Structures are given as C-alpha cells and as structure tokens.
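What follows is the content of input33.cif, which has mmCIF, C-alpha atoms:
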data_coords
loop_
_atom_site.label_atom_id
_atom_site.label_comp_id
_atom_site.auth_asym_id
_atom_site.auth_seq_id
_atom_site.Cartn_x
_atom_site.Cartn_y
_atom_site.Cartn_z
CA MET A 133 -195.76 -6.06 76.81
CA GLN A 134 -195.25 -8.25 79.85
CA ALA A 135 -197.55 -10.89 78.36
CA ILE A 136 -195.65 -10.84 75.09
CA ALA A 137 -192.32 -11.13 76.90
CA ALA A 138 -193.64 -14.02 78.95
CA ARG A 139 -194.78 -15.86 75.84
CA THR A 140 -191.41 -15.20 74.17
CA GLY A 141 -189.60 -16.57 77.22
CA VAL A 142 -191.69 -19.72 77.18
CA VAL A 143 -191.00 -20.27 73.49
CA ALA A 144 -187.28 -19.64 73.95
CA SER A 145 -187.20 -21.94 76.94
CA ALA A 146 -188.95 -24.69 74.99
CA THR A 147 -186.55 -24.18 72.12
CA ARG A 148 -183.57 -24.48 74.40
CA ARG A 149 -184.91 -27.66 75.96
CA THR A 150 -185.48 -29.23 72.53
CA THR A 151 -181.93 -28.36 71.43
CA THR A 152 -180.47 -29.82 74.60
CA MET A 153 -182.31 -33.11 74.09
CA ARG A 154 -180.90 -33.47 70.58
CA ARG A 155 -177.38 -32.91 71.81
CA THR A 156 -177.57 -35.71 74.36
CA VAL A 157 -178.23 -38.49 71.82
CA LYS A 158 -175.59 -41.18 72.40
CA ALA A 159 -173.47 -42.23 69.44
CA LYS A 160 -173.27 -45.90 68.51
CA PRO A 161 -170.24 -47.60 70.09
CA THR A 162 -167.42 -48.76 67.86
CA LYS A 163 -167.01 -52.40 67.00
CA SER A 164 -163.84 -52.88 69.04
CA SER A 165 -165.76 -52.13 72.25
CA ASP A 166 -168.89 -54.06 71.18
CA SER A 167 -167.63 -57.55 70.34
CA VAL A 168 -166.43 -60.04 72.91
CA TRP A 169 -163.64 -61.06 70.49
CA TYR A 170 -161.96 -57.65 70.36
CA GLY A 171 -160.41 -55.23 72.79
CA PRO A 172 -158.66 -55.69 76.15
CA ASP A 173 -161.44 -57.89 77.58
CA ARG A 174 -161.36 -60.44 74.74
CA PRO A 175 -160.70 -64.14 75.50
CA LYS A 176 -156.99 -64.83 76.10
CA PHE A 177 -154.87 -67.91 75.41
CA LEU A 178 -154.76 -68.90 79.11
CA GLY A 179 -158.16 -67.56 80.05
CA PRO A 180 -158.20 -65.90 83.48
CA PHE A 181 -154.54 -66.89 84.02
CA SER A 182 -153.31 -64.67 81.18
CA ASP A 183 -152.87 -61.54 83.31
CA GLY A 184 -149.38 -60.14 82.90
CA LEU A 185 -148.54 -62.53 80.05
CA VAL A 186 -150.10 -60.65 77.12
CA PRO A 187 -147.61 -58.41 75.26
CA SER A 188 -148.49 -54.71 75.18
CA TYR A 189 -148.52 -54.65 71.36
CA LEU A 190 -151.34 -57.23 71.19
CA THR A 191 -154.28 -54.99 71.97
CA GLY A 192 -157.12 -57.05 70.50
CA GLU A 193 -157.46 -54.82 67.47
CA PHE A 194 -157.26 -57.68 64.97
CA PRO A 195 -159.36 -60.86 64.67
CA GLY A 196 -157.95 -63.97 66.28
CA ASP A 197 -155.72 -62.09 68.73
CA TYR A 198 -155.63 -64.17 71.91
CA GLY A 199 -152.59 -62.38 73.31
CA TRP A 200 -150.13 -65.21 72.64
CA ASP A 201 -146.73 -64.30 71.21
CA THR A 202 -144.12 -65.84 73.47
CA SER A 203 -141.45 -65.53 70.75
CA GLY A 204 -142.09 -61.84 70.09
CA LEU A 205 -142.69 -62.43 66.39
CA SER A 206 -145.23 -59.60 66.20
CA ALA A 207 -143.37 -56.98 68.21
CA ASP A 208 -142.49 -55.01 65.09
CA PRO A 209 -145.66 -53.52 63.48
CA GLU A 210 -144.50 -54.14 59.92
CA THR A 211 -143.54 -57.73 60.69
CA PHE A 212 -146.85 -58.22 62.46
CA LYS A 213 -148.73 -56.93 59.41
CA ARG A 214 -146.80 -59.25 57.08
CA TYR A 215 -147.29 -62.31 59.29
CA ARG A 216 -150.99 -61.55 59.68
CA THR A 217 -151.40 -61.41 55.90
CA ILE A 218 -149.47 -64.67 55.46
CA GLU A 219 -151.57 -66.40 58.12
CA VAL A 220 -154.90 -65.37 56.61
CA ILE A 221 -153.87 -66.41 53.09
CA HIS A 222 -152.52 -69.77 54.28
CA ALA A 223 -155.64 -70.30 56.40
CA ARG A 224 -157.88 -69.85 53.37
CA TRP A 225 -155.81 -72.26 51.28
CA ALA A 226 -155.81 -74.78 54.13
CA MET A 227 -159.61 -74.69 54.39
CA LEU A 228 -159.91 -75.34 50.66
CA GLY A 229 -157.20 -78.00 50.83
CA ALA A 230 -158.74 -79.86 53.78
CA LEU A 231 -162.09 -79.94 51.99
CA GLY A 232 -160.44 -81.10 48.78
CA CYS A 233 -158.56 -83.88 50.57
CA ILE A 234 -161.60 -85.47 52.19
CA PHE A 235 -164.42 -84.62 49.75
CA PRO A 236 -163.56 -87.19 47.03
CA GLU A 237 -163.45 -89.97 49.64
CA VAL A 238 -166.84 -88.89 50.97
CA LEU A 239 -168.35 -88.78 47.47
CA GLU A 240 -166.99 -92.20 46.57
CA LYS A 241 -168.12 -93.89 49.78
CA TYR A 242 -171.51 -92.28 50.34
CA SER A 243 -172.65 -90.91 46.95
CA GLY A 244 -171.52 -93.59 44.54
CA VAL A 245 -169.27 -91.28 42.52
CA GLU A 246 -166.52 -93.34 40.90
CA PHE A 247 -162.95 -92.10 40.95
CA ALA A 248 -159.90 -93.77 39.51
CA GLU A 249 -158.24 -92.72 42.77
CA ALA A 250 -160.03 -90.85 45.56
CA VAL A 251 -157.17 -90.60 48.07
CA TRP A 252 -155.74 -87.11 47.86
CA PHE A 253 -152.01 -87.90 47.82
CA LYS A 254 -152.45 -90.60 45.16
CA ALA A 255 -154.90 -88.80 42.88
CA GLY A 256 -152.31 -86.56 41.23
CA ALA A 257 -150.45 -89.54 39.77
CA GLN A 258 -153.39 -90.16 37.43
CA ILE A 259 -152.14 -87.37 35.21
CA PHE A 260 -149.37 -89.73 34.06
CA SER A 261 -151.82 -92.51 33.18
CA GLU A 262 -153.15 -93.15 29.70
CA ASP A 263 -156.60 -91.72 30.51
CA GLY A 264 -155.23 -88.70 32.32
CA LEU A 265 -156.70 -86.92 35.36
CA ASN A 266 -160.45 -86.25 35.35
CA TYR A 267 -161.90 -83.75 37.80
CA LEU A 268 -164.57 -85.45 39.97
CA GLY A 269 -164.11 -88.47 37.73
CA ASN A 270 -165.74 -86.65 34.83
CA PRO A 271 -163.62 -85.95 31.71
CA GLY A 272 -166.19 -83.36 30.64
CA LEU A 273 -165.24 -81.07 33.53
CA VAL A 274 -161.45 -80.96 33.59
CA HIS A 275 -159.32 -83.47 31.70
CA ALA A 276 -155.57 -83.07 32.30
CA GLN A 277 -152.88 -85.19 30.65
CA SER A 278 -149.86 -82.88 30.71
CA ILE A 279 -148.17 -82.09 34.01
CA VAL A 280 -146.16 -79.31 32.34
CA ALA A 281 -149.23 -77.58 30.93
CA THR A 282 -151.05 -77.90 34.26
CA LEU A 283 -148.08 -76.44 36.14
CA VAL A 284 -147.71 -73.53 33.73
CA VAL A 285 -151.42 -72.66 33.89
CA GLN A 286 -151.45 -72.82 37.69
CA VAL A 287 -148.34 -70.68 38.06
CA LEU A 288 -149.60 -68.07 35.60
CA LEU A 289 -153.15 -67.84 36.95
CA MET A 290 -152.36 -68.08 40.66
CA GLY A 291 -149.28 -65.88 40.33
CA ALA A 292 -151.23 -63.19 38.51
CA VAL A 293 -154.02 -63.21 41.07
CA GLU A 294 -151.57 -62.93 43.96
CA ILE A 295 -149.65 -60.10 42.25
CA TYR A 296 -152.89 -58.19 41.71
CA ARG A 297 -153.90 -58.77 45.33
CA ALA A 298 -150.56 -57.59 46.68
CA ASN A 299 -150.56 -54.49 44.43
CA GLY A 300 -154.11 -53.59 45.39
CA GLU A 301 -155.63 -53.55 41.92
CA GLY A 302 -156.09 -55.65 38.81
CA PRO A 303 -156.11 -54.86 35.08
CA GLY A 304 -157.93 -51.68 34.20
CA GLY A 305 -157.99 -50.58 37.82
CA PHE A 306 -160.25 -53.45 38.86
CA GLY A 307 -160.45 -53.63 42.65
CA GLU A 308 -158.51 -50.41 43.10
CA GLY A 309 -158.74 -49.02 46.61
CA LEU A 310 -160.08 -52.24 48.14
CA ASP A 311 -158.53 -53.90 51.17
CA SER A 312 -156.02 -56.56 50.10
CA LEU A 313 -157.24 -59.08 52.70
CA TYR A 314 -160.95 -58.27 52.97
CA PRO A 315 -161.80 -56.58 49.66
CA GLY A 316 -165.59 -56.91 49.68
CA GLY A 317 -167.29 -55.31 46.69
CA ALA A 318 -167.34 -57.62 43.67
CA PHE A 319 -165.55 -60.27 45.77
CA ASP A 320 -168.51 -60.41 48.15
CA PRO A 321 -171.53 -61.19 45.94
CA LEU A 322 -173.59 -62.32 48.96
CA GLY A 323 -173.05 -59.03 50.75
CA LEU A 324 -171.68 -60.69 53.89
CA ALA A 325 -169.42 -57.72 54.59
CA ASP A 326 -172.09 -55.04 54.22
CA ASP A 327 -172.68 -54.87 57.97
CA PRO A 328 -169.49 -53.95 59.93
CA ASP A 329 -170.60 -55.91 63.01
CA THR A 330 -171.22 -59.06 60.98
CA LEU A 331 -167.91 -58.64 59.14
CA ALA A 332 -166.00 -58.34 62.42
CA GLU A 333 -167.50 -61.62 63.66
CA LEU A 334 -166.89 -63.38 60.33
CA LYS A 335 -163.22 -62.39 60.42
CA VAL A 336 -162.86 -64.15 63.77
CA LYS A 337 -164.66 -67.26 62.52
CA GLU A 338 -162.51 -67.34 59.40
CA ILE A 339 -159.18 -67.21 61.19
CA LYS A 340 -160.26 -69.73 63.86
CA ASN A 341 -161.45 -72.24 61.26
CA GLY A 342 -158.40 -71.50 59.11
CA ARG A 343 -156.00 -72.28 61.97
CA LEU A 344 -157.85 -75.54 62.58
CA ALA A 345 -157.63 -76.36 58.87
CA MET A 346 -153.85 -75.77 58.86
CA LEU A 347 -153.48 -78.24 61.73
CA SER A 348 -155.79 -80.65 59.86
CA MET A 349 -153.59 -80.48 56.79
CA LEU A 350 -150.55 -81.24 58.92
CA GLY A 351 -152.43 -84.24 60.31
CA PHE A 352 -153.33 -85.40 56.80
CA PHE A 353 -149.66 -85.23 55.78
CA VAL A 354 -148.50 -87.25 58.78
CA GLN A 355 -151.30 -89.82 58.31
CA ALA A 356 -150.39 -90.26 54.65
CA ILE A 357 -146.76 -90.95 55.57
CA VAL A 358 -147.51 -93.24 58.50
CA THR A 359 -150.59 -95.21 57.38
CA GLY A 360 -150.66 -94.76 53.61
CA LYS A 361 -154.42 -94.11 53.80
CA GLY A 362 -156.72 -91.15 53.28
CA PRO A 363 -158.21 -89.10 56.14
CA LEU A 364 -161.71 -90.60 55.89
CA ASP A 365 -160.37 -94.15 55.84
CA ASN A 366 -158.21 -93.41 58.88
CA LEU A 367 -161.15 -91.86 60.73
CA LEU A 368 -163.49 -94.79 60.07
CA THR A 369 -160.82 -97.30 61.09
CA HIS A 370 -160.32 -95.45 64.37
CA LEU A 371 -164.06 -95.24 65.06
CA GLU A 372 -164.45 -98.99 64.53
CA GLU A 373 -161.78 -99.82 67.10
CA PRO A 374 -160.76 -96.71 69.06
CA GLY A 375 -158.69 -98.65 71.57
CA ALA A 376 -156.70 -100.54 68.95
CA SER A 377 -156.53 -98.04 66.08
CA ASN A 378 -154.70 -95.03 67.46
CA PHE A 379 -151.19 -93.62 67.46
CA TYR A 380 -150.24 -94.94 70.88
CA ALA A 381 -151.40 -98.52 70.26
CA ASN A 382 -149.87 -98.78 66.78
CA TYR A 383 -146.73 -96.71 66.85
CA ALA A 384 -145.74 -95.41 70.28
CA SER A 385 -144.09 -98.70 71.27
CA THR A 386 -141.77 -98.56 68.24
CA LEU A 387 -140.59 -95.07 69.25
CA ALA A 388 -139.72 -96.03 72.83
#
Translate the structure of the given file into structure tokens.
Amino acid sequence: MQAIAARTGVVASATRRTTTMRRTVKAKPTKSSDSVWYGPDRPKFLGPFSDGLVPSYLTGEFPGDYGWDTSGLSADPETFKRYRTIEVIHARWAMLGALGCIFPEVLEKYSGVEFAEAVWFKAGAQIFSEDGLNYLGNPGLVHAQSIVATLVVQVLLMGAVEIYRANGEGPGGFGEGLDSLYPGGAFDPLGLADDPDTLAELKVKEIKNGRLAMLSMLGFFVQAIVTGKGPLDNLLTHLEEPGASNFYANYASTLA
C-alpha cells in the first residue's frame, strides 16, 4: 500500500507541476505597449522637452498623436473623434491630389506622353475647348466636354460614397459593421490590414504622409498664384539656380 501511495503521490506531483507550467505562459502584449509610435513613451512634438506640455487627453492611443494641441481642439472626445476623421479623409485626398498635380508633368517631361496642358491648375480649362478634356491625353480613356455633366457625376458618385461611409454600410448591407475609417475586408484586397501590428504601423505612415501631402498641396496653390508654373517646373528651376530661384531672392524684397 505504501508503494502504491508513493507512486500516486509522484503522479499527482508531476500532474501539478505540468498544470503550473501551463498557467505561467505569458500572453502577447497589446499593440499600444509594443509600438514606439503609441502609448505614453511615443515620440512627442518637442522630443525630450515635451514633459509637462502634453495634454492629459492625448494618451497616444491613436496614430499620429505627438501630444500637440496647444489650442485644446481635441479636449472634447466627440470633437476629437470628428476632427480625427476629417484629418484622415483630407490626408487621403491630399495624397491623391499631390500625385495628380505632379504626375502629368513628370509623364510629359520624362516619358514623352503628350498633353494639351500638363500643369494641374490649367488642365481643367481644356473641358471648354473644342476637343474637350482627355484623361492622360487619351480620348479613349475619359473624354469630357461638359462641365455640368462632369460636376453632376462627381457630386453624385462622391456624395454617395461619402454617405455610405458615414452611415457605415452601402446598398444591400455592403460593408455593414466595418470601421468607417479603416474598413479592411473588400476594401483591402492586398490584405495589408490582416496583421494588427502591421496595420498599426501603416496607420502612422498614412497620417504622416497625409499631413505632408496637405502641406504640399498648400505649397502648390501658393506656387501657382506666385509663379504661374507647375510644381515640377518650379522644382527644376530652383535646382538649376538655388541661390537665385527661391522665395527670398525673388519676392522677399517686395514684401519689405
């Protein structure tokens, strides 16, 4: 009996040890504590000099949060949510717009594609010409001759898409239950959002590049007013003579 009891004790002891080992497996940390771009230790707008300047409501939960809100625009959670949505949407449009502004100039100069007008702020006027406006210079792609029809189509299509996005679903329940800013699913055919860690990093890259694109668009607007040239033409002129072709050399003296 003693031998049997001893064997039973050994088995029970081994069982207890095995159970204890399984219970000590560490769970995977959450993304907010993993990434350098999130959480309290994320990069701040003044780097190491930001201590005491970051508002308490900016906790690093969202991508692109560098702790800067000197005007208190994000103090109210609902206002913060609305502004964040507006910023992301405008950032995406700005990235598309910046590419669209410079791409025709690049194609015309380096690829030999012929445009009736490659400069972005002049190209739209072609719709009033006899030949109309041809996308990428090719009438077989998009050929527009009516500004009214173009405006109506854009308002209807873009308005419908934005309404569906804001409501959270499209016709027939398409996209129902998806996030209105980062829907994934059918809107992510490459599967970039399948991994949560990758998605968290891509969100940061998107908003950083989007903010840069918004500033680029502002620069394009100012350049168009001041120089009457496209962004590529302005860039090449500056690179040819950096000391002579810049804002200070050309315009600062007239503002003094």
Please evaluate the PyMOL selection byres ((chain A and resi 200) around 8) against the structure above and give the resulting residues as number ranges by chain. A: 176-177, 186-187, 197-199, 201-202
Point out the residue among A:Ala226, A:Leu190, A:Val238, A:Leu368 with the least atom-to-atom distance to Asp173 of chain A, counting all atoms listed in the file. A:Leu190
Step by step, work through what the PyMOL selection byres ((chain A and resi 251) around 12) selects in the shown file, and finish by giving those residues as a ChimeraX atom specification. /A:232-241,247-250,252-258,352,355-356,360-366
Identify which of the residues A:Thr359, A:Ser377, A:Thr282, A:Asn341 lies closest to Gly196 of chain A, counting all atoms listed in the file when measuring atom-to-atom distances.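 Of the candidates, the smallest distance to Gly196 of chain A is held by A:Asn341.
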What's around segment 328-335 of chain A at 9 Å? Count all atoms listed in the file, leave out sequence neighbours fewer than 6 positions away in its own chain, and write the answer as an MDAnalysis selection string. chainID A and resid 163:164 166:167 169:170 194:196 314
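Reported to one decimal place, the separation of atom CA of Tyr380 of chain A from atom CA of Ser348 of chain A is 18.9 Å.
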With only C-alpha atoms as the basis for distance, which of A:Ala292, A:Val287, A:Tyr383, A:Tyr189 is at the shortest distance from Pro209 of chain A?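 Counting only C-alpha atoms, the residue closest to Pro209 of chain A is A:Tyr189.
Proximity ranking of A:Leu310, A:Ala223, A:Leu231, A:Leu283 relative to Tyr296 of chain A places A:Leu310 first, based on all atoms listed in the file.
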Go ahead and find all residues with at least one atom no further than 12 Å from (-161.5, -86.5, 30.9) in the file's coordinates, using all atoms listed in the file; report them as a PyMOL selection string. chain A and resi 247-248+258-259+261-277
Could you please determine the separation between atom CA of Gly316 of chain A and atom CA of Glu301 of chain A in Å, to one decimal place? 13.1 Å
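Nearest residue to Val220 of chain A among A:Gly184, A:Gly342, A:Gly351, A:Pro303 is A:Gly342, counting only C-alpha atoms.
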Could you name the residues that touch Arg297 of chain A at 9 Å or less, counting all atoms listed in the file, but leaving out those on the same chain fewer than 6 positions away, as a PyMOL selection string? chain A and resi 307+311-313
Which neighbours of Arg224 of chain A fall inside 10 Å, counting all atoms listed in the file, when residues of the same chain fewer than 2 positions from it are skipped, and could you give them as a PyMOL selection string? chain A and resi 219-222+226-229+338-339+341-343+345-346
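The gap separating atom CA of Leu344 of chain A from atom CA of Thr369 of chain A is 22.0 Å, in Å to one decimal.
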Final N, CA, C and O atoms of segment 278-304 of chain A as a compact mmCIF listing (two decimals), keeping the file's coordinate frame:
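What ended up in out20.txt:
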# COMPACT_ATOMS: atom_id res chain seq x y z
N SER A 278 -151.22 -83.43 30.76
CA SER A 278 -149.86 -82.88 30.71
C SER A 278 -149.54 -82.18 32.02
O SER A 278 -150.17 -81.17 32.36
N ILE A 279 -148.56 -82.70 32.76
CA ILE A 279 -148.17 -82.09 34.01
C ILE A 279 -147.52 -80.73 33.77
O ILE A 279 -147.66 -79.80 34.57
N VAL A 280 -146.82 -80.58 32.66
CA VAL A 280 -146.16 -79.31 32.34
C VAL A 280 -147.19 -78.23 32.07
O VAL A 280 -147.12 -77.12 32.59
N ALA A 281 -148.19 -78.56 31.24
CA ALA A 281 -149.23 -77.58 30.93
C ALA A 281 -150.01 -77.19 32.18
O ALA A 281 -150.32 -76.01 32.39
N THR A 282 -150.32 -78.18 33.02
CA THR A 282 -151.05 -77.90 34.26
C THR A 282 -150.24 -76.99 35.16
O THR A 282 -150.77 -76.04 35.76
N LEU A 283 -148.95 -77.26 35.29
CA LEU A 283 -148.08 -76.44 36.14
C LEU A 283 -147.98 -75.01 35.62
O LEU A 283 -148.07 -74.05 36.40
N VAL A 284 -147.83 -74.87 34.32
CA VAL A 284 -147.71 -73.53 33.73
C VAL A 284 -148.99 -72.73 33.95
O VAL A 284 -148.96 -71.56 34.35
N VAL A 285 -150.15 -73.36 33.71
CA VAL A 285 -151.42 -72.66 33.89
C VAL A 285 -151.61 -72.25 35.35
O VAL A 285 -152.04 -71.12 35.64
N GLN A 286 -151.29 -73.14 36.28
CA GLN A 286 -151.45 -72.82 37.69
C GLN A 286 -150.54 -71.68 38.11
O GLN A 286 -150.95 -70.77 38.83
N VAL A 287 -149.29 -71.73 37.69
CA VAL A 287 -148.34 -70.68 38.06
C VAL A 287 -148.78 -69.33 37.49
O VAL A 287 -148.75 -68.30 38.18
N LEU A 288 -149.19 -69.33 36.23
CA LEU A 288 -149.60 -68.07 35.60
C LEU A 288 -150.86 -67.50 36.26
O LEU A 288 -150.91 -66.32 36.61
N LEU A 289 -151.90 -68.33 36.40
CA LEU A 289 -153.15 -67.84 36.95
C LEU A 289 -153.03 -67.46 38.42
O LEU A 289 -153.42 -66.35 38.83
N MET A 290 -152.47 -68.36 39.23
CA MET A 290 -152.36 -68.08 40.66
C MET A 290 -151.36 -66.97 40.93
O MET A 290 -151.56 -66.13 41.82
N GLY A 291 -150.26 -66.95 40.16
CA GLY A 291 -149.28 -65.88 40.33
C GLY A 291 -149.85 -64.52 39.99
O GLY A 291 -149.62 -63.54 40.70
N ALA A 292 -150.62 -64.47 38.90
CA ALA A 292 -151.23 -63.19 38.51
C ALA A 292 -152.22 -62.70 39.55
O ALA A 292 -152.22 -61.51 39.91
N VAL A 293 -153.04 -63.60 40.06
CA VAL A 293 -154.02 -63.21 41.07
C VAL A 293 -153.33 -62.68 42.32
O VAL A 293 -153.74 -61.67 42.91
N GLU A 294 -152.27 -63.36 42.75
CA GLU A 294 -151.57 -62.93 43.96
C GLU A 294 -150.86 -61.59 43.75
O GLU A 294 -150.80 -60.75 44.64
N ILE A 295 -150.30 -61.38 42.56
CA ILE A 295 -149.65 -60.10 42.25
C ILE A 295 -150.68 -58.97 42.29
O ILE A 295 -150.44 -57.90 42.86
N TYR A 296 -151.85 -59.21 41.69
CA TYR A 296 -152.89 -58.19 41.71
C TYR A 296 -153.36 -57.91 43.13
O TYR A 296 -153.62 -56.77 43.51
N ARG A 297 -153.47 -58.97 43.94
CA ARG A 297 -153.90 -58.77 45.33
C ARG A 297 -152.88 -57.95 46.11
O ARG A 297 -153.23 -57.02 46.84
N ALA A 298 -151.61 -58.29 45.94
CA ALA A 298 -150.56 -57.59 46.68
C ALA A 298 -150.44 -56.13 46.23
O ALA A 298 -150.17 -55.25 47.06
N ASN A 299 -150.66 -55.86 44.94
CA ASN A 299 -150.56 -54.49 44.43
C ASN A 299 -151.80 -53.66 44.71
O ASN A 299 -151.77 -52.44 44.59
N GLY A 300 -152.90 -54.33 45.06
CA GLY A 300 -154.11 -53.59 45.39
C GLY A 300 -155.04 -53.28 44.25
O GLY A 300 -156.05 -52.61 44.43
N GLU A 301 -154.73 -53.75 43.06
CA GLU A 301 -155.63 -53.55 41.92
C GLU A 301 -155.28 -54.50 40.79
O GLU A 301 -154.14 -54.98 40.68
N GLY A 302 -156.28 -54.77 39.94
CA GLY A 302 -156.09 -55.65 38.81
C GLY A 302 -156.04 -54.87 37.51
O GLY A 302 -155.93 -53.63 37.51
N PRO A 303 -156.14 -55.55 36.38
CA PRO A 303 -156.11 -54.86 35.08
C PRO A 303 -157.25 -53.85 34.96
O PRO A 303 -158.37 -54.10 35.39
N GLY A 304 -156.93 -52.72 34.38
CA GLY A 304 -157.93 -51.68 34.20
C GLY A 304 -158.40 -51.05 35.48
O GLY A 304 -159.49 -50.45 35.53
